[in-house]
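J.: Please find one structure pasted underneath; my questions will follow.
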Amino acid sequence: MSEEINHNRRRFFGIAAVAVAAAEFGLPAIAGAEEKASASTLPAIKAGSHTSFDALKQINAGVLNVGYAEAGPANGPVVLLLHGWPYDIYSFVDVAPLLAGAGYRVIIPYLRGYGTTRFLSKKTPRNGQQAALAADMIALLDALKIEKVVVAGYDWGGRTADIMAALWPERCKALVSVSGYLIGSQEVNRKPLPPKAELAWWYQFYFATERGRLGYQENRHDFAKLIWHTASPQWAFDDATYDRSAAAFDNPDHVDIVIHNYRWRLGLVEGEAKFDAYEKKLAAGPVISIPTITMEGDANGAPHPEPSAYRGKFSGKYEHRTITGGIGHNLPQEAPQAFAQAVIDVDRF
C-alpha cells in the first residue's frame with residue numbers, strides 16, 4: 001500500500017473517530033472537520049458541564065472598577081474573552097477550564113454596565129459607544145500589566161475584540177471573532193437596510209424611543225430571555241443557566257449603557273469627544289492584520305453578516321469555521337469545545 005493511500009486511510013478513520021466522539025458526547029461539529037481532525041487537542045466536554053468560576057476579582061482600570069473571572073496559571077499566555085448583549089461572563093464558563101487546562105491564563109471581564117463592573121465616578125458618561133468598550137479593555141490590560149493577549153469574543157464582545165485588533169494590534173497576538181467583522185460606523189448605520197434585515201433589528205428601533213427605555217428598564221429579565229430564544233432558537237437552555245447570566249443585568253448602569261449603545265449606532269446621541277479620533281479610524285473600515293479565525297453557528301437567529309462579506313477585512317493568516325449542530329448566537333456557551341479549540345489554533349497560526 002502506498003504512503004499516500006496509508007495517509008488517506010488514517011485520515012478517514014481519524015475523521016470517523018472525531019465524528020463518533022462528537023455524537024457520543026452530544027457535541028457540535030466543525031464544518032469541514034476533515035481538515036481539523038488532526039489539530040484537535042482538547043478533551044470532549046458537553047455544554048453546561050460547569051456552572052461557576054473558581055475566582056472572581058475586581059480591579060480599577062481606567063474609568064471603571066472591573067469585575068472579572070480568572071482561570072489558569074498566572075504565568076501562562078493570556079486569553080481575553082469578551083461577552084455580548086444580553087449575556088455575560090457565563091458564556092465562557094465551559095470554555096475557561098478547557099483553556100486553563102491547556103496552560104492559558106484566562107481573563108473574562110464584565111463589560112461596562114454588567115455584573116460587578118462599576119464606574120469609579122458618578123460624573124463619567126454612561127457611554128456605550130463601540131470605541132469606549134474597546135478602550136476599557138486596553139485599560140484593563142494596562143491595570144493587569146498584561147502586554148499582549150489572544151482576544152476572542154462574540155456580539156458586543158466580538159466587535160470589541162475586532163476594534164482592539166484594528167486599533168491596538170501591538171496588544172493582540174491573535175483574534176477569534178464570532179460573526180466576523182463587526183466594526184461599524186454611524187454613517188453606514190444611517191443607510192436603510194432591506195425590510196427583512198430591518199425587522200431583525202426591531203429592538204434597536206424600540207430602544208430609540210422612551211417607551212423602549214422604560215420597557216427595558218421594567219422588563220429586562222424577560223426581554224433578555226426573549227433575545228436568547230430568538231438568537232439561539234435551537235439552544236435548550238434551562239432557567240438556572242439563564243438566571244445565572246440575568247443577574248448581571250441588575251447592574252445599576254446596565255440600562256443606560258445598552259440604550260446609549262443602540263442609540264449611538266443610529267446617530268441619535270453623541271459619544272464622547274475623546275473617542276472621536278478612534279471612531280474616525282473605525283468608520284473607514286480598517287483591515288485587521290493579525291492572525292484570525294472567524295466563526296459562525298449554523299442556527300444563529302440574530303442579525304449577522306455572511307462570511308463572504310467580511311473575508312477581505314482580514315489580511316493576515318485567516319480561517320473561517322461554521323459550527324454545525326443547531327448552534328446559535330451565543331456560540332462559546334453553546335459550543336465551548338469548538339470555541340476553545342479556535343483560540344488554541346489561532347494562537348498557533
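Letters A, B, ... go to the chains of the C-alpha cells in the order shown; residues in each chain start at 1; ligands are counted from 1 in the same order.
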DSSP on the backbone: which residues in stretch 74-321 of chain A end up as strand (DSSP E or B)? Give the answer as JSON, numbers by chain.
T.: {"A": [78, 79, 80, 81, 82, 105, 106, 107, 108, 109, 118, 119, 149, 150, 151, 152, 153, 172, 173, 174, 175, 176, 177, 178, 288, 292, 293, 294, 295, 296, 297, 314, 318, 319, 320, 321]}
J.: Those residues you just picked out, can you put them in a file as a short mmCIF file (atom, residue, chain, number, x, y, z; two decimals), in the first residue's frame with N, CA, C and O atoms?
T.:
data_model
loop_
_atom_site.label_atom_id
_atom_site.label_comp_id
_atom_site.auth_asym_id
_atom_site.auth_seq_id
_atom_site.Cartn_x
_atom_site.Cartn_y
_atom_site.Cartn_z
N VAL A 78 -1.84 34.72 27.81
CA VAL A 78 -3.14 35.26 28.25
C VAL A 78 -4.16 35.25 27.12
O VAL A 78 -3.86 35.63 25.98
N VAL A 79 -5.37 34.85 27.46
CA VAL A 79 -6.53 34.93 26.57
C VAL A 79 -7.56 35.84 27.23
O VAL A 79 -7.90 35.66 28.41
N LEU A 80 -8.03 36.82 26.49
CA LEU A 80 -9.08 37.73 26.94
C LEU A 80 -10.38 37.36 26.23
O LEU A 80 -10.44 37.41 25.00
N LEU A 81 -11.40 37.00 27.00
CA LEU A 81 -12.68 36.54 26.44
C LEU A 81 -13.76 37.57 26.73
O LEU A 81 -13.97 37.95 27.89
N LEU A 82 -14.47 38.00 25.69
CA LEU A 82 -15.40 39.13 25.80
C LEU A 82 -16.83 38.73 25.41
O LEU A 82 -17.07 38.23 24.31
N ARG A 105 -3.66 31.50 30.78
CA ARG A 105 -4.26 32.37 31.79
C ARG A 105 -5.46 33.03 31.13
O ARG A 105 -5.31 33.74 30.14
N VAL A 106 -6.64 32.79 31.67
CA VAL A 106 -7.88 33.22 31.04
C VAL A 106 -8.49 34.37 31.84
O VAL A 106 -8.72 34.24 33.05
N ILE A 107 -8.74 35.49 31.18
CA ILE A 107 -9.35 36.66 31.79
C ILE A 107 -10.70 36.91 31.12
O ILE A 107 -10.77 37.04 29.90
N ILE A 108 -11.76 36.99 31.94
CA ILE A 108 -13.12 37.16 31.40
C ILE A 108 -13.79 38.30 32.14
O ILE A 108 -14.36 38.12 33.21
N PRO A 109 -13.75 39.51 31.58
CA PRO A 109 -14.32 40.67 32.29
C PRO A 109 -15.80 40.90 32.00
O PRO A 109 -16.29 40.59 30.91
N ARG A 118 -18.19 48.49 37.78
CA ARG A 118 -18.79 49.76 38.19
C ARG A 118 -17.95 50.93 37.70
O ARG A 118 -16.73 50.83 37.59
N PHE A 119 -18.60 52.06 37.46
CA PHE A 119 -17.90 53.30 37.16
C PHE A 119 -17.31 53.85 38.46
O PHE A 119 -17.95 53.79 39.52
N VAL A 149 -2.32 39.77 24.30
CA VAL A 149 -3.29 38.70 24.54
C VAL A 149 -3.79 38.13 23.22
O VAL A 149 -3.75 38.78 22.18
N VAL A 150 -4.29 36.91 23.29
CA VAL A 150 -5.21 36.41 22.27
C VAL A 150 -6.58 36.91 22.71
O VAL A 150 -6.99 36.69 23.86
N VAL A 151 -7.28 37.61 21.85
CA VAL A 151 -8.57 38.18 22.21
C VAL A 151 -9.67 37.49 21.42
O VAL A 151 -9.53 37.24 20.22
N ALA A 152 -10.77 37.16 22.11
CA ALA A 152 -11.83 36.39 21.47
C ALA A 152 -13.18 36.81 22.03
O ALA A 152 -13.32 37.07 23.23
N GLY A 153 -14.19 36.89 21.15
CA GLY A 153 -15.50 37.29 21.63
C GLY A 153 -16.59 37.11 20.60
O GLY A 153 -16.35 36.68 19.47
N CYS A 172 -2.47 42.67 20.67
CA CYS A 172 -3.26 41.48 20.33
C CYS A 172 -2.42 40.51 19.52
O CYS A 172 -2.01 40.82 18.39
N LYS A 173 -2.21 39.33 20.07
CA LYS A 173 -1.43 38.31 19.37
C LYS A 173 -2.25 37.66 18.25
O LYS A 173 -1.72 37.36 17.17
N ALA A 174 -3.52 37.44 18.52
CA ALA A 174 -4.39 36.79 17.55
C ALA A 174 -5.83 37.05 17.96
O ALA A 174 -6.11 37.50 19.08
N LEU A 175 -6.77 36.73 17.04
CA LEU A 175 -8.18 37.09 17.22
C LEU A 175 -9.09 35.92 16.86
O LEU A 175 -8.88 35.25 15.85
N VAL A 176 -10.10 35.70 17.70
CA VAL A 176 -11.23 34.83 17.35
C VAL A 176 -12.49 35.69 17.44
O VAL A 176 -12.78 36.27 18.49
N SER A 177 -13.21 35.80 16.33
CA SER A 177 -14.38 36.68 16.29
C SER A 177 -15.58 35.94 15.71
O SER A 177 -15.58 35.55 14.54
N VAL A 178 -16.60 35.75 16.56
CA VAL A 178 -17.84 35.15 16.09
C VAL A 178 -18.60 36.19 15.25
O VAL A 178 -18.70 37.35 15.62
N ILE A 288 -7.88 44.22 9.45
CA ILE A 288 -7.24 43.58 10.60
C ILE A 288 -6.12 42.68 10.09
O ILE A 288 -6.36 41.80 9.26
N THR A 292 -6.30 35.45 12.47
CA THR A 292 -7.71 35.48 12.85
C THR A 292 -8.43 34.20 12.45
O THR A 292 -8.21 33.67 11.35
N ILE A 293 -9.29 33.74 13.34
CA ILE A 293 -10.30 32.74 13.00
C ILE A 293 -11.66 33.38 13.25
O ILE A 293 -11.92 33.88 14.34
N THR A 294 -12.50 33.41 12.22
CA THR A 294 -13.88 33.84 12.40
C THR A 294 -14.76 32.59 12.50
O THR A 294 -14.43 31.54 11.96
N MET A 295 -15.88 32.73 13.21
CA MET A 295 -16.75 31.60 13.46
C MET A 295 -18.20 32.01 13.28
O MET A 295 -18.55 33.18 13.41
N GLU A 296 -19.04 31.02 13.01
CA GLU A 296 -20.48 31.24 12.94
C GLU A 296 -21.20 29.95 13.29
O GLU A 296 -20.74 28.86 12.92
N GLY A 297 -22.28 30.08 14.04
CA GLY A 297 -23.14 28.93 14.28
C GLY A 297 -24.11 28.75 13.15
O GLY A 297 -24.55 29.72 12.52
N PHE A 314 -9.65 40.86 6.58
CA PHE A 314 -8.60 40.19 7.34
C PHE A 314 -7.43 39.89 6.40
O PHE A 314 -7.57 39.08 5.48
N TYR A 318 -5.67 33.51 8.11
CA TYR A 318 -7.12 33.58 8.33
C TYR A 318 -7.80 32.25 8.05
O TYR A 318 -7.39 31.51 7.15
N GLU A 319 -8.83 32.00 8.82
CA GLU A 319 -9.67 30.83 8.58
C GLU A 319 -11.07 31.12 9.10
O GLU A 319 -11.24 31.82 10.11
N HIS A 320 -12.09 30.61 8.39
CA HIS A 320 -13.47 30.71 8.88
C HIS A 320 -13.97 29.31 9.22
O HIS A 320 -13.71 28.35 8.48
N ARG A 321 -14.71 29.21 10.33
CA ARG A 321 -15.29 27.94 10.74
C ARG A 321 -16.79 28.12 11.01
O ARG A 321 -17.18 28.98 11.79
#
J.: Using only C-alpha atoms, find each residue of stretch 237-318 of chain A with at least one atom at most 8 Å away from an atom of stretch 179-184 of chain A; report its shortest atom-to-atom pair and that distance in Å (one decimal), sort the rows by chain and rising residue number, and return the result as JSON lines.
T.:
{"residue": "A:Arg265", "atom": "CA", "partner": "A:Gly184", "partner_atom": "CA", "distance": 7.9}
{"residue": "A:Leu282", "atom": "CA", "partner": "A:Ile183", "partner_atom": "CA", "distance": 6.7}
{"residue": "A:Ala283", "atom": "CA", "partner": "A:Gly184", "partner_atom": "CA", "distance": 6.4}
{"residue": "A:Gly285", "atom": "CA", "partner": "A:Ile183", "partner_atom": "CA", "distance": 7.0}
{"residue": "A:Thr294", "atom": "CA", "partner": "A:Gly180", "partner_atom": "CA", "distance": 5.0}
{"residue": "A:Met295", "atom": "CA", "partner": "A:Ser179", "partner_atom": "CA", "distance": 5.9}
{"residue": "A:Glu296", "atom": "CA", "partner": "A:Ser179", "partner_atom": "CA", "distance": 5.4}
{"residue": "A:His304", "atom": "CA", "partner": "A:Ser179", "partner_atom": "CA", "distance": 6.1}
{"residue": "A:Pro305", "atom": "CA", "partner": "A:Ser179", "partner_atom": "CA", "distance": 6.6}
{"residue": "A:Glu306", "atom": "CA", "partner": "A:Ser179", "partner_atom": "CA", "distance": 7.9}
{"residue": "A:Pro307", "atom": "CA", "partner": "A:Gly180", "partner_atom": "CA", "distance": 6.8}
{"residue": "A:Tyr310", "atom": "CA", "partner": "A:Tyr181", "partner_atom": "CA", "distance": 5.8}
{"residue": "A:Lys313", "atom": "CA", "partner": "A:Tyr181", "partner_atom": "CA", "distance": 7.0}
J.: Would you save the residues from that selection as a short mmCIF file (atom, residue, chain, number, x, y, z; two decimals), in the first residue's frame, using all heavy atoms?
T.:
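Output saved as again-v3.cif:
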data_model
loop_
_atom_site.label_atom_id
_atom_site.label_comp_id
_atom_site.auth_asym_id
_atom_site.auth_seq_id
_atom_site.Cartn_x
_atom_site.Cartn_y
_atom_site.Cartn_z
N ARG A 265 -25.40 54.05 17.76
CA ARG A 265 -25.23 53.42 16.45
C ARG A 265 -26.04 54.12 15.37
O ARG A 265 -25.61 54.24 14.23
CB ARG A 265 -25.64 51.94 16.51
CG ARG A 265 -24.80 51.06 17.40
CD ARG A 265 -25.18 49.62 17.18
NE ARG A 265 -24.77 48.78 18.30
CZ ARG A 265 -24.83 47.45 18.28
NH1 ARG A 265 -25.32 46.83 17.21
NH2 ARG A 265 -24.45 46.74 19.32
N LEU A 282 -12.27 53.92 12.75
CA LEU A 282 -13.16 52.77 12.64
C LEU A 282 -14.17 52.94 11.52
O LEU A 282 -14.54 51.97 10.84
CB LEU A 282 -13.87 52.53 13.97
CG LEU A 282 -12.96 52.17 15.15
CD1 LEU A 282 -13.75 52.13 16.45
CD2 LEU A 282 -12.25 50.85 14.92
N ALA A 283 -14.62 54.16 11.30
CA ALA A 283 -15.59 54.42 10.24
C ALA A 283 -15.03 54.12 8.86
O ALA A 283 -15.78 53.85 7.91
CB ALA A 283 -16.06 55.87 10.31
N GLY A 285 -13.40 51.51 8.17
CA GLY A 285 -13.36 50.06 7.99
C GLY A 285 -11.96 49.50 7.93
O GLY A 285 -11.60 48.84 6.95
N THR A 294 -12.50 33.41 12.22
CA THR A 294 -13.88 33.84 12.40
C THR A 294 -14.76 32.59 12.50
O THR A 294 -14.43 31.54 11.96
CB THR A 294 -14.36 34.75 11.26
OG1 THR A 294 -14.25 34.05 10.01
CG2 THR A 294 -13.54 36.03 11.21
N MET A 295 -15.88 32.73 13.21
CA MET A 295 -16.75 31.60 13.46
C MET A 295 -18.20 32.01 13.28
O MET A 295 -18.55 33.18 13.41
CB MET A 295 -16.56 31.06 14.89
CG MET A 295 -15.12 30.75 15.28
SD MET A 295 -15.01 30.02 16.94
CE MET A 295 -15.56 28.34 16.60
N GLU A 296 -19.04 31.02 13.01
CA GLU A 296 -20.48 31.24 12.94
C GLU A 296 -21.20 29.95 13.29
O GLU A 296 -20.74 28.86 12.92
CB GLU A 296 -20.90 31.70 11.54
CG GLU A 296 -22.32 32.23 11.47
CD GLU A 296 -22.52 33.41 12.40
OE1 GLU A 296 -22.15 34.54 12.04
OE2 GLU A 296 -23.04 33.18 13.52
N HIS A 304 -26.62 38.94 11.45
CA HIS A 304 -25.18 38.70 11.30
C HIS A 304 -24.83 38.68 9.82
O HIS A 304 -25.64 38.27 8.99
CB HIS A 304 -24.76 37.39 11.96
CG HIS A 304 -25.42 36.18 11.37
ND1 HIS A 304 -26.68 35.77 11.72
CD2 HIS A 304 -24.97 35.27 10.45
CE1 HIS A 304 -27.00 34.68 11.04
NE2 HIS A 304 -25.99 34.36 10.25
N PRO A 305 -23.62 39.12 9.47
CA PRO A 305 -23.21 39.12 8.06
C PRO A 305 -22.81 37.73 7.60
O PRO A 305 -22.45 36.86 8.40
CB PRO A 305 -22.00 40.06 8.06
CG PRO A 305 -21.43 39.92 9.44
CD PRO A 305 -22.60 39.70 10.35
N GLU A 306 -22.86 37.52 6.29
CA GLU A 306 -22.35 36.29 5.69
C GLU A 306 -20.82 36.33 5.70
O GLU A 306 -20.22 37.39 5.51
CB GLU A 306 -22.85 36.14 4.26
CG GLU A 306 -24.33 35.83 4.16
CD GLU A 306 -24.68 34.51 4.82
OE1 GLU A 306 -23.93 33.53 4.65
OE2 GLU A 306 -25.71 34.45 5.52
N PRO A 307 -20.15 35.20 5.91
CA PRO A 307 -18.69 35.18 5.95
C PRO A 307 -18.03 35.78 4.71
O PRO A 307 -16.98 36.43 4.81
CB PRO A 307 -18.36 33.69 6.09
CG PRO A 307 -19.56 33.11 6.78
CD PRO A 307 -20.73 33.88 6.26
N TYR A 310 -17.13 39.63 4.75
CA TYR A 310 -16.05 40.24 5.53
C TYR A 310 -14.68 39.59 5.32
O TYR A 310 -13.70 39.98 5.94
CB TYR A 310 -16.38 40.26 7.03
CG TYR A 310 -16.82 38.95 7.65
CD1 TYR A 310 -15.92 37.91 7.87
CD2 TYR A 310 -18.15 38.76 8.04
CE1 TYR A 310 -16.32 36.72 8.47
CE2 TYR A 310 -18.56 37.58 8.64
CZ TYR A 310 -17.65 36.56 8.86
OH TYR A 310 -18.05 35.39 9.44
N LYS A 313 -11.62 41.79 4.98
CA LYS A 313 -11.23 42.65 6.10
C LYS A 313 -10.11 42.05 6.94
O LYS A 313 -9.66 42.67 7.91
CB LYS A 313 -12.44 42.92 6.99
CG LYS A 313 -13.48 43.84 6.35
CD LYS A 313 -12.89 45.23 6.10
CE LYS A 313 -13.93 46.19 5.59
NZ LYS A 313 -13.34 47.54 5.35
#
J.: With only C-alpha atoms as the basis for distance, which of A:Asp54, A:Val63, A:Ile259, A:Asp347 is at the shortest distance from A:Lys122?
T.: A:Val63
J.: If we count only C-alpha atoms and set the cut-off at 7 Å, which residues sit around stretch 243-258 of chain A, ignoring sequence neighbours fewer than 4 positions away in its own chain? Please answer as a list in words.
T.: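 That gives Tyr87, Asp88, Tyr90, Gly113, Tyr114, Gly115, Arg126, Asn127, Gly128, Gln217, His221, Asp239 and Tyr262 of chain A.
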J.: Have a look at A:Asp345, A:Pro192, A:Arg220, A:Asn65 and name the one nearest to A:Leu42; count only C-alpha atoms.
T.: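 Result for the nearest residue to A:Leu42: A:Asp345.
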J.: List every residue of stretch 70-260 of chain A that DSSP, applied to the backbone of this structure, places in helix (DSSP H, G or I), and write the result as a ChimeraX atom specification.
T.: /A:89-92,95-101,130-143,156-167,169-171,186-189,195-200,202-207,210-231,239-250,254-260
J.: Residues within 10 Å of A:Gln186, please, as an mmCIF file with N, CA and C atoms, in the first residue's frame. Count only C-alpha atoms; anything in the same chain fewer than 6 positions from it doesn't count.
T.:
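Once written, around_9.cif looks like this:
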data_model
loop_
_atom_site.group_PDB
_atom_site.id
_atom_site.type_symbol
_atom_site.label_atom_id
_atom_site.label_comp_id
_atom_site.auth_asym_id
_atom_site.auth_seq_id
_atom_site.Cartn_x
_atom_site.Cartn_y
_atom_site.Cartn_z
ATOM 1 N N ARG A 263 -28.649 53.621 20.547
ATOM 2 C CA ARG A 263 -28.974 54.958 20.032
ATOM 3 C C ARG A 263 -27.755 55.592 19.362
ATOM 4 N N TRP A 264 -26.563 55.349 19.937
ATOM 5 C CA TRP A 264 -25.345 55.899 19.320
ATOM 6 C C TRP A 264 -25.147 55.325 17.920
ATOM 7 N N ARG A 265 -25.405 54.050 17.760
ATOM 8 C CA ARG A 265 -25.226 53.417 16.450
ATOM 9 C C ARG A 265 -26.042 54.122 15.371
ATOM 10 N N LEU A 266 -27.238 54.561 15.742
ATOM 11 C CA LEU A 266 -28.119 55.208 14.781
ATOM 12 C C LEU A 266 -27.873 56.712 14.682
ATOM 13 N N GLY A 267 -26.898 57.204 15.435
ATOM 14 C CA GLY A 267 -26.596 58.631 15.394
ATOM 15 C C GLY A 267 -27.602 59.489 16.127
ATOM 16 N N LEU A 268 -28.340 58.881 17.045
ATOM 17 C CA LEU A 268 -29.371 59.611 17.783
ATOM 18 C C LEU A 268 -28.814 60.311 19.012
ATOM 19 N N GLU A 279 -13.097 56.710 16.448
ATOM 20 C CA GLU A 279 -14.277 56.451 15.634
ATOM 21 C C GLU A 279 -14.041 56.826 14.178
ATOM 22 N N ALA A 283 -14.624 54.155 11.298
ATOM 23 C CA ALA A 283 -15.595 54.419 10.239
ATOM 24 C C ALA A 283 -15.029 54.118 8.860
#
J.: At a cut-off of 10 Å, using only C-alpha atoms, what residues contact A:Ile138? Leave out same-chain residues fewer than 2 positions from it and give the result as a PyMOL selection string.
T.: chain A and resi 61-62+133-136+140-144+146-148+164+168+171
J.: Those same residues - N, CA, C and O atoms - I'd like them written as a PDB file, in the first residue's frame.
T.:
ATOM      1  N   ALA A  61      -9.480  50.054  36.587  1.00  0.00           N
ATOM      2  CA  ALA A  61      -8.878  50.118  35.251  1.00  0.00           C
ATOM      3  C   ALA A  61      -9.554  51.236  34.479  1.00  0.00           C
ATOM      4  O   ALA A  61     -10.737  51.141  34.144  1.00  0.00           O
ATOM      5  N   GLY A  62      -8.821  52.307  34.209  1.00  0.00           N
ATOM      6  CA  GLY A  62      -9.408  53.436  33.501  1.00  0.00           C
ATOM      7  C   GLY A  62     -10.506  54.074  34.315  1.00  0.00           C
ATOM      8  O   GLY A  62     -10.314  54.419  35.488  1.00  0.00           O
ATOM      9  N   LEU A 133     -15.933  50.813  24.761  1.00  0.00           N
ATOM     10  CA  LEU A 133     -15.801  49.454  25.273  1.00  0.00           C
ATOM     11  C   LEU A 133     -14.424  48.885  24.976  1.00  0.00           C
ATOM     12  O   LEU A 133     -13.841  48.172  25.803  1.00  0.00           O
ATOM     13  N   ALA A 134     -13.888  49.185  23.794  1.00  0.00           N
ATOM     14  CA  ALA A 134     -12.554  48.692  23.447  1.00  0.00           C
ATOM     15  C   ALA A 134     -11.482  49.373  24.299  1.00  0.00           C
ATOM     16  O   ALA A 134     -10.533  48.719  24.762  1.00  0.00           O
ATOM     17  N   ALA A 135     -11.629  50.679  24.520  1.00  0.00           N
ATOM     18  CA  ALA A 135     -10.675  51.393  25.365  1.00  0.00           C
ATOM     19  C   ALA A 135     -10.689  50.844  26.786  1.00  0.00           C
ATOM     20  O   ALA A 135      -9.640  50.790  27.450  1.00  0.00           O
ATOM     21  N   ASP A 136     -11.863  50.431  27.264  1.00  0.00           N
ATOM     22  CA  ASP A 136     -11.949  49.794  28.584  1.00  0.00           C
ATOM     23  C   ASP A 136     -11.037  48.575  28.671  1.00  0.00           C
ATOM     24  O   ASP A 136     -10.388  48.333  29.695  1.00  0.00           O
ATOM     25  N   LEU A 140      -7.875  47.735  31.009  1.00  0.00           N
ATOM     26  CA  LEU A 140      -7.819  46.539  31.853  1.00  0.00           C
ATOM     27  C   LEU A 140      -6.481  45.827  31.690  1.00  0.00           C
ATOM     28  O   LEU A 140      -5.859  45.412  32.682  1.00  0.00           O
ATOM     29  N   LEU A 141      -6.023  45.678  30.457  1.00  0.00           N
ATOM     30  CA  LEU A 141      -4.723  45.045  30.229  1.00  0.00           C
ATOM     31  C   LEU A 141      -3.609  45.843  30.912  1.00  0.00           C
ATOM     32  O   LEU A 141      -2.698  45.264  31.513  1.00  0.00           O
ATOM     33  N   ASP A 142      -3.694  47.165  30.829  1.00  0.00           N
ATOM     34  CA  ASP A 142      -2.688  48.001  31.486  1.00  0.00           C
ATOM     35  C   ASP A 142      -2.714  47.793  32.999  1.00  0.00           C
ATOM     36  O   ASP A 142      -1.664  47.673  33.647  1.00  0.00           O
ATOM     37  N   ALA A 143      -3.915  47.760  33.579  1.00  0.00           N
ATOM     38  CA  ALA A 143      -4.042  47.586  35.025  1.00  0.00           C
ATOM     39  C   ALA A 143      -3.505  46.235  35.483  1.00  0.00           C
ATOM     40  O   ALA A 143      -2.921  46.119  36.568  1.00  0.00           O
ATOM     41  N   LEU A 144      -3.703  45.218  34.656  1.00  0.00           N
ATOM     42  CA  LEU A 144      -3.229  43.870  34.990  1.00  0.00           C
ATOM     43  C   LEU A 144      -1.774  43.656  34.581  1.00  0.00           C
ATOM     44  O   LEU A 144      -1.224  42.577  34.800  1.00  0.00           O
ATOM     45  N   ILE A 146      -0.560  43.351  31.594  1.00  0.00           N
ATOM     46  CA  ILE A 146      -0.513  42.344  30.537  1.00  0.00           C
ATOM     47  C   ILE A 146      -0.211  43.052  29.229  1.00  0.00           C
ATOM     48  O   ILE A 146      -0.937  43.957  28.821  1.00  0.00           O
ATOM     49  N   GLU A 147       0.839  42.646  28.559  1.00  0.00           N
ATOM     50  CA  GLU A 147       1.265  43.338  27.351  1.00  0.00           C
ATOM     51  C   GLU A 147       0.500  42.885  26.123  1.00  0.00           C
ATOM     52  O   GLU A 147       0.113  43.699  25.280  1.00  0.00           O
ATOM     53  N   LYS A 148       0.238  41.565  26.010  1.00  0.00           N
ATOM     54  CA  LYS A 148      -0.321  41.051  24.762  1.00  0.00           C
ATOM     55  C   LYS A 148      -1.222  39.862  25.056  1.00  0.00           C
ATOM     56  O   LYS A 148      -0.917  39.034  25.927  1.00  0.00           O
ATOM     57  N   MET A 164     -10.085  46.197  19.073  1.00  0.00           N
ATOM     58  CA  MET A 164      -8.766  46.076  19.697  1.00  0.00           C
ATOM     59  C   MET A 164      -7.726  45.641  18.678  1.00  0.00           C
ATOM     60  O   MET A 164      -6.618  46.176  18.623  1.00  0.00           O
ATOM     61  N   TRP A 168      -5.254  48.568  18.138  1.00  0.00           N
ATOM     62  CA  TRP A 168      -4.114  48.244  19.002  1.00  0.00           C
ATOM     63  C   TRP A 168      -3.546  46.863  18.643  1.00  0.00           C
ATOM     64  O   TRP A 168      -3.492  45.969  19.491  1.00  0.00           O
ATOM     65  N   ARG A 171      -1.122  44.979  20.900  1.00  0.00           N
ATOM     66  CA  ARG A 171      -1.576  44.368  22.152  1.00  0.00           C
ATOM     67  C   ARG A 171      -2.283  43.036  21.923  1.00  0.00           C
ATOM     68  O   ARG A 171      -2.673  42.376  22.896  1.00  0.00           O
TER      69      ARG A 171
END
J.: Smallest atom-to-atom distance to A:Ala55: which of A:Tyr68, A:Thr241, A:Pro43, A:Lys145, using only C-alpha atoms?
T.: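 So, comparing all the options, the nearest one is A:Tyr68.
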J.: Atom CA of A:Gly215 to atom CA of A:Ala299: how many Å, to one decimal?
T.: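 The value is 27.8 Å.
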J.: Quick one: residues within 8 Å of stretch 330-332 of chain A, only C-alpha atoms, excluding same-chain residues fewer than 6 positions away - as a PyMOL selection string?
T.: chain A and resi 91-92+95+154+178+231-232+296-297+338-340
J.: Find the residue from A:Asp162, A:Glu70, A:Asp298, A:Asp155 that sits nearest to A:Trp235; use only C-alpha atoms when measuring.
T.: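 So, comparing all the options, the nearest one is A:Asp298.
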